[in-house]
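First the structure, in the form of structure tokens, and then the observations on it.
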Amino acid sequence: MTAQIPDEFIFKGKKYELIGIKGDDLFSPETFGMEPEMIHTACYRGFYAKYRFTREVLYLSELTINEKNNNYLPINGIKPIGNPLHEMTYRKLNLIIPFTGKIRLARNFLNEYYVHMGFQSPWAYETVLDITIKEGKVIDIKDRSEEFKLKWQEIKQQEINNVVDWINDAFSLDMDLE
């Protein structure tokens, strides 16, 4: 099992990683007629993306995808670049994402908490934000950094009783798993 490549966000000029989501998918290649296939063990879902907030509106700015049938269709008028036998990258997409829900973004990863499978946990970062979004616009930001720092202190005291559940949780972006 391998740690997964997280989606990246530029928010208020800083780079964050997506570590949780509640709501519909942010972006679905299937919407654009493509079927993603695993790129490598660090990307089981077959794609990863870069997003940015501009004037508090959410945009998809870049997408790297391995399309199962090499059927790389234009997105927002943009054609991909790269090796179609492996993966292709769409740059400068500027595609508005009308997402409604919550995302959890984190930055300043603490290497001592690295887990070599799935997505990293909130307590493995110095900064953790929960951002509520409605139709692509930010409506609330909650800084949860201190809360997750305390959570890690609790976790260090406990033994992992159910390894299967722990592994499944590591591969989930479900925000209810706190």
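A note on labels: chains of the structure tokens are A, B, ... as shown, every chain counts residues from 1, and ligands are counted from 1 in their shown order.
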
Quick one: everything within 12 Å of A:Pro84, counting only C-alpha atoms, minus sequence neighbours fewer than 5 positions away in the same chain. Send it as a PDB file with N, CA and C atoms, in the first residue's frame.
ATOM      1  N   ILE A  39      -2.927   5.326 -12.168  1.00  0.00           N
ATOM      2  CA  ILE A  39      -1.674   5.795 -12.771  1.00  0.00           C
ATOM      3  C   ILE A  39      -0.519   4.939 -12.258  1.00  0.00           C
ATOM      4  N   THR A  64      -4.176  15.962 -13.916  1.00  0.00           N
ATOM      5  CA  THR A  64      -3.354  14.888 -14.468  1.00  0.00           C
ATOM      6  C   THR A  64      -4.182  13.619 -14.382  1.00  0.00           C
ATOM      7  N   ILE A  65      -4.310  12.923 -15.512  1.00  0.00           N
ATOM      8  CA  ILE A  65      -5.196  11.757 -15.577  1.00  0.00           C
ATOM      9  C   ILE A  65      -4.603  10.678 -16.475  1.00  0.00           C
ATOM     10  N   ASN A  66      -4.880   9.439 -16.112  1.00  0.00           N
ATOM     11  CA  ASN A  66      -4.602   8.292 -16.966  1.00  0.00           C
ATOM     12  C   ASN A  66      -5.963   7.795 -17.446  1.00  0.00           C
ATOM     13  N   GLU A  67      -6.281   8.046 -18.708  1.00  0.00           N
ATOM     14  CA  GLU A  67      -7.580   7.667 -19.259  1.00  0.00           C
ATOM     15  C   GLU A  67      -7.496   6.237 -19.767  1.00  0.00           C
ATOM     16  N   LYS A  68      -8.383   5.403 -19.275  1.00  0.00           N
ATOM     17  CA  LYS A  68      -8.348   3.963 -19.542  1.00  0.00           C
ATOM     18  C   LYS A  68      -8.242   3.620 -21.029  1.00  0.00           C
ATOM     19  N   ASN A  69      -8.942   4.353 -21.875  1.00  0.00           N
ATOM     20  CA  ASN A  69      -8.991   4.045 -23.307  1.00  0.00           C
ATOM     21  C   ASN A  69      -8.192   5.026 -24.165  1.00  0.00           C
ATOM     22  N   ASN A  70      -7.296   5.792 -23.520  1.00  0.00           N
ATOM     23  CA  ASN A  70      -6.538   6.853 -24.207  1.00  0.00           C
ATOM     24  C   ASN A  70      -7.460   7.836 -24.923  1.00  0.00           C
ATOM     25  N   ASN A  71      -8.615   8.058 -24.337  1.00  0.00           N
ATOM     26  CA  ASN A  71      -9.631   8.953 -24.897  1.00  0.00           C
ATOM     27  C   ASN A  71      -9.554  10.298 -24.170  1.00  0.00           C
ATOM     28  N   TYR A  72      -8.507  11.050 -24.450  1.00  0.00           N
ATOM     29  CA  TYR A  72      -8.264  12.325 -23.772  1.00  0.00           C
ATOM     30  C   TYR A  72      -9.011  13.436 -24.499  1.00  0.00           C
ATOM     31  N   LEU A  73     -10.165  13.790 -23.964  1.00  0.00           N
ATOM     32  CA  LEU A  73     -11.022  14.801 -24.580  1.00  0.00           C
ATOM     33  C   LEU A  73     -10.687  16.187 -24.045  1.00  0.00           C
ATOM     34  N   LYS A  79      -6.639  21.048 -24.524  1.00  0.00           N
ATOM     35  CA  LYS A  79      -6.169  19.695 -24.806  1.00  0.00           C
ATOM     36  C   LYS A  79      -5.007  19.376 -23.866  1.00  0.00           C
ATOM     37  N   THR A  89      -1.634  15.671 -18.851  1.00  0.00           N
ATOM     38  CA  THR A  89      -1.927  16.785 -17.953  1.00  0.00           C
ATOM     39  C   THR A  89      -2.599  17.917 -18.718  1.00  0.00           C
TER      40      THR A  89
END

Who sits within 7 Å of stretch 51-56 of chain A, only C-alpha atoms, same chain under 5 positions skipped, as a count of residues only: 8

Counting only C-alpha atoms, the option among A:Ile97, A:Leu150, A:Leu18, A:Ala49 closest to A:Asp130: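 Under the stated criterion, the closest residue is A:Leu18.
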
Length of the atom CA of A:Tyr59 to atom CA of A:Leu110 vector [Å]: 27.6 Å

Distance query A:Phe119 at most 9 Å, only C-alpha atoms, self and fewer than 5 positions along chain excluded, as a list in words: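 Close residues of A:Phe119: Ala3, Gln4, Ile5, Pro6, Leu18, Ile19, Gly20, Asp169, Ala170, Phe171, Ser172 and Leu173 of chain A.
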
Please produce an output containing N, CA and C atoms for each residue in the selection, written as a PDB file, in the first residue's frame.
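Written output follows (out13.pdb):
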ATOM      1  N   ALA A   3       1.094   5.689   0.065  1.00  0.00           N
ATOM      2  CA  ALA A   3       0.448   6.984   0.304  1.00  0.00           C
ATOM      3  C   ALA A   3      -0.048   7.519  -1.033  1.00  0.00           C
ATOM      4  N   GLN A   4      -1.212   8.155  -1.024  1.00  0.00           N
ATOM      5  CA  GLN A   4      -1.841   8.645  -2.245  1.00  0.00           C
ATOM      6  C   GLN A   4      -1.501  10.115  -2.502  1.00  0.00           C
ATOM      7  N   ILE A   5      -1.422  10.483  -3.767  1.00  0.00           N
ATOM      8  CA  ILE A   5      -1.176  11.875  -4.145  1.00  0.00           C
ATOM      9  C   ILE A   5      -2.445  12.667  -3.845  1.00  0.00           C
ATOM     10  N   PRO A   6      -2.357  13.674  -2.986  1.00  0.00           N
ATOM     11  CA  PRO A   6      -3.559  14.465  -2.692  1.00  0.00           C
ATOM     12  C   PRO A   6      -3.784  15.545  -3.751  1.00  0.00           C
ATOM     13  N   LEU A  18      -5.706  18.619  -0.101  1.00  0.00           N
ATOM     14  CA  LEU A  18      -7.051  18.173   0.254  1.00  0.00           C
ATOM     15  C   LEU A  18      -6.924  16.903   1.080  1.00  0.00           C
ATOM     16  N   ILE A  19      -7.455  16.931   2.310  1.00  0.00           N
ATOM     17  CA  ILE A  19      -7.392  15.739   3.154  1.00  0.00           C
ATOM     18  C   ILE A  19      -8.772  15.288   3.604  1.00  0.00           C
ATOM     19  N   GLY A  20      -9.826  15.973   3.157  1.00  0.00           N
ATOM     20  CA  GLY A  20     -11.177  15.557   3.502  1.00  0.00           C
ATOM     21  C   GLY A  20     -12.204  16.253   2.633  1.00  0.00           C
ATOM     22  N   ASP A 169      -9.667   3.589   6.786  1.00  0.00           N
ATOM     23  CA  ASP A 169      -9.753   5.022   7.091  1.00  0.00           C
ATOM     24  C   ASP A 169      -8.643   5.803   6.386  1.00  0.00           C
ATOM     25  N   ALA A 170      -7.473   5.203   6.269  1.00  0.00           N
ATOM     26  CA  ALA A 170      -6.334   5.884   5.638  1.00  0.00           C
ATOM     27  C   ALA A 170      -6.580   6.166   4.161  1.00  0.00           C
ATOM     28  N   PHE A 171      -7.409   5.365   3.510  1.00  0.00           N
ATOM     29  CA  PHE A 171      -7.687   5.555   2.085  1.00  0.00           C
ATOM     30  C   PHE A 171      -8.967   6.339   1.835  1.00  0.00           C
ATOM     31  N   SER A 172      -9.559   6.887   2.885  1.00  0.00           N
ATOM     32  CA  SER A 172     -10.806   7.639   2.743  1.00  0.00           C
ATOM     33  C   SER A 172     -10.564   9.128   2.940  1.00  0.00           C
ATOM     34  N   LEU A 173     -11.304   9.928   2.189  1.00  0.00           N
ATOM     35  CA  LEU A 173     -11.293  11.382   2.392  1.00  0.00           C
ATOM     36  C   LEU A 173     -12.542  11.818   3.149  1.00  0.00           C
TER      37      LEU A 173
END

Secondary structure check, strand (DSSP E) residues of chain A, as a PyMOL selection string: chain A and resi 8-11+14-23+47-54+57-65+81-82+88-90+95-96+101-109+125-134+137-143

Nearest candidate to A:Trp123 (options A:Asp143, A:Asn111, A:Pro98, A:Lys151; using only C-alpha atoms): A:Lys151

Polymer residues at most 7 Å from A:Thr100, only C-alpha atoms, same-chain spacing of 4 or more positions, as a list in words: Gly23, Ile133, Lys134, Glu135 and Gly136 of chain A

Could you please take those selected residues and save C-alpha atoms as a PDB file, in the first residue's frame?
ATOM      1  CA  GLY A  23     -20.528  16.545  -0.426  1.00  0.00           C
ATOM      2  CA  ILE A 133     -18.515  26.061   0.023  1.00  0.00           C
ATOM      3  CA  LYS A 134     -21.808  26.777  -1.715  1.00  0.00           C
ATOM      4  CA  GLU A 135     -21.942  26.660  -5.517  1.00  0.00           C
ATOM      5  CA  GLY A 136     -18.176  27.207  -5.704  1.00  0.00           C
TER       6      GLY A 136
END

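Pairwise distance (atom CA of A:Pro74, atom CA of A:Phe27) equals 14.7 Å.
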
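Minimum atom-to-atom distance to A:Arg144, evaluated using only C-alpha atoms, belongs to A:Arg107 out of A:Tyr113, A:Lys22, A:Cys43, A:Arg107.
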
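Minimum distance to A:Phe109 across A:Ile96, A:Gly77, A:Pro36, A:Ala124 (counting only C-alpha atoms) occurs at A:Ala124.
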